[in-house]
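Here is start.txt, consisting of compact mmCIF, C-alpha atoms:
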# COMPACT_ATOMS: atom_id res chain seq x y z
CA MET A 1 -8.06 125.84 91.78
CA SER A 2 -4.88 124.51 90.16
CA ARG A 3 -2.16 123.59 92.60
CA LEU A 4 1.46 124.58 92.03
CA ILE A 5 4.71 123.01 93.07
CA GLU A 6 8.19 124.20 93.93
CA SER A 7 11.05 121.71 93.73
CA ILE A 8 13.90 122.87 95.97
CA TYR A 9 17.44 121.56 96.43
CA LEU A 10 18.33 120.58 99.99
CA LYS A 11 21.81 119.31 100.83
CA ASP A 12 23.05 118.69 104.37
CA GLY A 13 20.39 120.98 105.84
CA GLU A 14 20.98 123.88 103.40
CA PHE A 15 18.28 125.00 100.96
CA ARG A 16 19.59 126.40 97.64
CA ASN A 17 18.31 129.45 95.75
CA LEU A 18 15.34 130.07 98.08
CA LYS A 19 15.23 133.72 96.98
CA TYR A 20 14.50 132.67 93.39
CA HIS A 21 11.88 130.14 94.46
CA GLN A 22 10.17 132.78 96.61
CA LEU A 23 10.06 135.25 93.71
CA ARG A 24 8.40 132.63 91.51
CA VAL A 25 5.87 131.69 94.20
CA GLU A 26 4.92 135.35 94.68
CA SER A 27 4.62 135.97 90.93
CA SER A 28 2.48 132.86 90.35
CA SER A 29 0.24 133.58 93.36
CA LYS A 30 -0.49 137.12 92.22
CA GLU A 31 -1.11 136.13 88.60
CA LEU A 32 -3.18 132.99 89.21
CA PHE A 33 -4.90 133.62 92.54
CA GLY A 34 -4.87 137.41 92.75
CA VAL A 35 -3.33 137.34 96.23
CA SER A 36 -0.08 138.16 97.96
CA ASN A 37 1.01 135.26 100.14
CA LYS A 38 1.01 135.66 103.90
CA TRP A 39 3.71 132.99 104.10
CA THR A 40 7.25 132.52 102.83
CA LEU A 41 8.98 129.35 101.74
CA GLU A 42 11.76 129.98 104.23
CA ASN A 43 9.34 130.13 107.18
CA LYS A 44 7.44 127.03 106.05
CA LEU A 45 10.60 125.02 105.43
CA GLN A 46 12.39 126.11 108.61
CA SER A 47 9.36 125.10 110.68
CA SER A 48 9.19 121.66 109.04
CA GLU A 49 11.17 118.64 110.17
CA TYR A 50 13.66 118.59 107.33
CA PRO A 51 16.61 116.20 106.99
CA GLU A 52 19.92 117.74 108.02
CA SER A 53 22.19 115.37 106.11
CA GLY A 54 22.06 113.99 102.58
CA LEU A 55 20.73 115.31 99.29
CA TYR A 56 16.97 115.81 98.89
CA LYS A 57 14.48 117.19 96.42
CA VAL A 58 11.93 119.16 98.43
CA ARG A 59 8.45 119.27 96.88
CA VAL A 60 6.32 122.14 98.18
CA ILE A 61 2.74 121.84 96.92
CA TYR A 62 0.66 125.00 97.29
CA ASP A 63 -2.15 127.22 96.10
CA THR A 64 -3.06 130.15 98.34
CA GLU A 65 -1.53 128.12 101.20
CA VAL A 66 1.15 125.44 101.46
CA ARG A 67 -0.71 122.14 101.27
CA GLN A 68 2.12 119.64 101.52
CA ILE A 69 5.91 119.44 101.90
CA GLU A 70 7.75 116.28 100.86
CA PHE A 71 11.45 115.43 101.21
CA VAL A 72 12.51 112.92 98.57
CA PRO A 73 16.06 111.48 98.53
CA TYR A 74 17.57 112.65 95.24
CA LEU A 75 19.32 110.52 92.67
CA THR A 76 20.38 112.03 89.36
CA LYS A 77 18.52 110.57 86.40
CA PRO A 78 21.11 110.04 83.65
CA VAL A 79 20.22 111.78 80.38
CA GLN A 80 22.35 110.84 77.40
CA SER A 81 19.98 111.42 74.47
CA LEU A 82 17.32 113.99 73.57
CA LYS A 83 14.57 113.97 70.94
CA LEU A 84 13.25 117.15 69.33
CA ILE A 85 9.46 117.30 69.72
CA SER A 86 7.31 120.09 68.24
CA SER A 87 4.27 121.57 69.96
CA ASP A 88 3.03 125.00 68.92
CA THR A 89 0.31 125.01 71.58
CA ILE A 90 2.34 124.06 74.68
CA SER A 91 2.10 126.48 77.59
CA TYR A 92 3.70 125.97 81.00
CA ALA A 93 4.38 129.44 82.35
CA HIS A 94 3.74 128.33 85.94
CA LYS A 95 5.01 125.21 87.71
CA PHE A 96 1.71 123.36 87.95
CA GLU A 97 1.35 120.10 89.82
CA ASN A 98 -0.61 118.84 86.80
CA ARG A 99 1.98 118.09 84.09
CA GLN A 100 -0.29 116.16 81.72
CA THR A 101 0.64 118.11 78.57
CA LEU A 102 4.36 117.79 79.28
CA ASN A 103 3.97 114.10 80.07
CA GLU A 104 2.18 113.51 76.76
CA LEU A 105 5.09 115.11 74.87
CA TYR A 106 7.58 113.11 76.96
CA GLN A 107 5.86 109.88 75.87
CA GLN A 108 6.90 110.69 72.28
CA ARG A 109 10.64 110.42 73.06
CA GLU A 110 11.00 107.04 71.24
CA GLY A 111 13.81 105.53 73.25
CA CYS A 112 15.57 108.80 74.04
CA ASP A 113 16.07 109.78 77.67
CA ASP A 114 14.26 113.12 77.40
CA ILE A 115 12.92 115.64 74.90
CA ILE A 116 13.63 119.14 73.66
CA ILE A 117 10.33 120.94 73.14
CA VAL A 118 10.19 123.13 70.04
CA ARG A 119 7.42 125.75 69.86
CA SER A 120 6.81 127.69 66.64
CA GLY A 121 10.30 126.78 65.45
CA PHE A 122 12.08 127.93 68.63
CA VAL A 123 13.83 125.73 71.20
CA THR A 124 12.22 125.99 74.66
CA ASP A 125 12.84 123.45 77.46
CA ALA A 126 13.24 119.75 78.18
CA SER A 127 10.38 117.95 79.92
CA TYR A 128 11.56 118.83 83.44
CA ALA A 129 14.43 121.29 82.94
CA ASN A 130 15.61 124.41 81.19
CA LEU A 131 18.36 124.01 78.61
CA ILE A 132 21.77 125.58 78.11
CA PHE A 133 23.90 125.17 74.98
CA ARG A 134 27.67 125.49 74.73
CA LYS A 135 29.52 127.35 72.00
CA GLY A 136 33.24 127.41 72.75
CA ASP A 137 33.63 128.58 76.34
CA GLU A 138 30.21 130.27 76.51
CA TRP A 139 26.84 128.89 77.51
CA PHE A 140 23.51 130.12 76.13
CA THR A 141 19.91 129.48 77.21
CA PRO A 142 16.86 129.86 74.97
CA ALA A 143 15.06 133.18 75.39
CA THR A 144 11.92 131.26 74.36
CA PHE A 145 11.79 129.10 77.53
CA LEU A 146 8.47 127.69 78.80
CA LEU A 147 9.07 127.93 82.55
CA ALA A 148 11.21 130.57 84.23
CA GLY A 149 13.46 128.18 86.14
CA THR A 150 15.17 129.18 89.37
CA MET A 151 18.59 127.80 88.39
CA ARG A 152 18.26 129.53 85.00
CA ALA A 153 17.54 132.84 86.77
CA PHE A 154 20.50 132.36 89.14
CA LEU A 155 22.92 131.52 86.31
CA LEU A 156 21.76 134.51 84.27
CA ASP A 157 22.07 136.86 87.27
CA SER A 158 25.58 135.56 88.00
CA ASN A 159 26.60 135.96 84.32
CA GLN A 160 27.42 132.28 83.90
CA ILE A 161 25.04 131.95 80.95
CA LYS A 162 23.49 134.31 78.38
CA SER A 163 19.96 134.37 76.97
CA THR A 164 19.43 134.23 73.21
CA GLU A 165 16.82 133.05 70.72
CA ILE A 166 17.65 129.56 69.46
CA ARG A 167 15.72 128.31 66.45
CA VAL A 168 15.61 124.57 65.90
CA GLU A 169 17.93 124.95 62.89
CA ASP A 170 20.44 126.84 65.10
CA VAL A 171 21.03 123.84 67.37
CA VAL A 172 23.77 122.52 65.04
CA LYS A 173 25.80 125.70 65.73
CA TYR A 174 26.38 124.52 69.30
CA GLU A 175 28.70 121.81 70.57
CA SER A 176 26.75 120.37 73.48
CA CYS A 177 23.95 121.07 75.95
CA LYS A 178 22.99 120.56 79.59
CA LEU A 179 19.71 120.23 81.42
CA ILE A 180 19.45 122.63 84.37
CA ASN A 181 16.84 122.91 87.10
CA ALA A 182 16.66 123.37 90.87
CA MET A 183 18.66 120.15 91.31
CA LEU A 184 21.07 120.52 88.37
CA GLY A 185 23.40 123.48 87.88
CA MET A 186 26.55 124.06 85.85
CA ASP A 187 27.84 120.74 87.18
CA ALA A 188 25.10 118.88 85.25
CA PRO A 189 26.30 116.26 82.74
CA GLU A 190 27.18 117.59 79.29
CA ILE A 191 25.26 116.02 76.39
CA PRO A 192 27.01 116.04 72.99
CA LEU A 193 25.13 117.49 70.04
CA SER A 194 25.28 114.11 68.30
CA SER A 195 22.91 112.78 70.99
CA ILE A 196 20.08 115.11 69.90
CA VAL A 197 17.79 113.49 67.31
What is this structure when it is put down as structure tokens?
Amino acid sequence: MSRLIESIYLKDGEFRNLKYHQLRVESSSKELFGVSNKWTLENKLQSSEYPESGLYKVRVIYDTEVRQIEFVPYLTKPVQSLKLISSDTISYAHKFENRQTLNELYQQREGCDDIIIVRSGFVTDASYANLIFRKGDEWFTPATFLLAGTMRAFLLDSNQIKSTEIRVEDVVKYESCKLINAMLGMDAPEIPLSSIV
């Protein structure tokens, strides 16, 4: 049975976007294991000995049950350059603990800090984050994402970003991009288009 993982933002004792993480856990559990969980992330996290000060990335590893909870001090990994990598067979609809396929694509970055995965001509995600692209004052996220990210869902629901199809040749129509995930929101560093190769 493949194990899954949720990466959750914890700052000064407050967990962020738990509702969105819970929705993804429930969806993945039903689709992959055919069960409805008898546990919630909130209950499991509140009953754990979590740090009450500082910034942490919480890693919840689970299948039909929570198997492990880790609290890792979080430091932002600077990303200043992105390489376009094509893979028409990539699939990562659930947040699996096993990231071998993504890691193999990441190894092709040739000196860049991360990658933009292109599937069948459409922009999807970076290796560990969803993407948003800026055009003027508006931000857009690819409708052809690989993983339904929790920050992506929150930003869409709060009308801070819009979803649209972005073909690889459309990238030049945008001015910059950001990587977003559970740890990185609209305050993530902006990457100029000239840094995408």
For this session: Fewer than 5 positions away in the same chain doesn't count, so skip those; otherwise give me all residues within 8 Å of A:Arg167, counting all atoms listed in the file, as JSON, numbers by chain.
Result: {"A": [121, 122, 123]}
For the residues in the current selection, export C-alpha atoms as a PDB file, in the frame of the given file.
ATOM      1  CA  GLY A 121      10.300 126.780  65.450  1.00  0.00           C
ATOM      2  CA  PHE A 122      12.080 127.930  68.630  1.00  0.00           C
ATOM      3  CA  VAL A 123      13.830 125.730  71.200  1.00  0.00           C
TER       4      VAL A 123
END
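For A:Leu156, the residues within 12 Å (counting only C-alpha atoms, excluding itself and residues fewer than 4 positions away along the chain) are Tyr20, Ile132, Trp139, Phe140, Thr141, Pro142, Ala143, Ala148, Gly149, Thr150, Met151, Arg152, Gln160, Ile161, Lys162, Ser163, Thr164, Gly185 and Met186 of chain A.
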Exercise. From the set A:Glu70, A:Asp63, A:Glu175, A:Asp113, which residue has the shortest atom-to-atom contact distance to A:Ser48, counting all atoms listed in the file?
Worked result: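 Comparing A:Glu70, A:Asp63, A:Glu175, A:Asp113 against A:Ser48, the winner is A:Glu70.
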For this session: Identify which of the residues A:Glu52, A:Asp125, A:Asp114, A:Glu97 lies closest to A:Ile180, counting only C-alpha atoms when measuring atom-to-atom distances.
Result: A:Asp125
Seminar exercise, completed: If you count only C-alpha atoms, the residue of A:Arg99, A:Arg109, A:Arg3, A:Arg134 closest to A:Phe33 turns out to be A:Arg3
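Going from atom CA of A:Ile90 over to atom CA of A:Glu169, you cover 19.6 Å.
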Exercise. Can you tell me how far atom CA of A:Ala129 sits from atom CA of A:Gly13, in Å to one decimal?
Worked result: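 Separating atom CA of A:Ala129 from atom CA of A:Gly13 is a distance of 23.7 Å.
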Problem set entry | Of the listed residues A:Ser7, A:Ser28, A:Asn17, A:Ser81, that which approaches A:Ile69 most closely, counting only C-alpha atoms |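 The shortest atom-to-atom distance to A:Ile69 comes from A:Ser7.
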For this session: Could you tell me which of A:Ser91, A:Asp157, A:Thr101, A:Trp39 comes closest to A:Thr144 if we count only C-alpha atoms?
Result: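 Smallest distance to A:Thr144 is found for A:Ser91.
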For this session: Quote the spacing between atom CA of A:Ala182 and atom CA of A:Arg16 in Å to one decimal place.
Result: 8.0 Å
Exercise. Taking into account all atoms listed in the file, which residue in the set A:Lys173, A:Arg24, A:Arg67, A:Lys135 is nearest to A:His94?
Worked result: A:Arg24
For this session: Could you give me, as a list in words, the residues within 7 Å of A:Glu190, counting all atoms listed in the file and dropping anything in the same chain fewer than 3 positions from it?
Result: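 Here the qualifying residues turn out to be Ser176, Cys177 and Lys178 of chain A.
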For this session: Skip A:Ser87 itself and residues of its chain fewer than 4 positions away, then list as a list in words all residues within 8 Å of it, counting all atoms listed in the file.
Result: Ile117, Val118, Arg119 and Ser120 of chain A
Take the residues from that selection and write them out as a compact mmCIF listing (two decimals), in the frame of the given file, keeping C-alpha atoms.
# COMPACT_ATOMS: atom_id res chain seq x y z
CA ILE A 117 10.33 120.94 73.14
CA VAL A 118 10.19 123.13 70.04
CA ARG A 119 7.42 125.75 69.86
CA SER A 120 6.81 127.69 66.64
Exercise. Could you pull the residues within 6 Å of A:Ile5, counting only C-alpha atoms, minus those fewer than 2 positions along the same chain, as a PyMOL selection string?
Worked result: chain A and resi 60-61+95-97
Could you work out an axis-aligned box for stretch 77-96 of chain A, taking every atom the file lists and adding 3 Å on each side, and report centre and edge lengths in Å to one decimal, as lines of an AutoDock Vina configuration file?
center_x = 11.3
center_y = 119.7
center_z = 78.1
size_x = 28.0
size_y = 25.4
size_z = 25.7
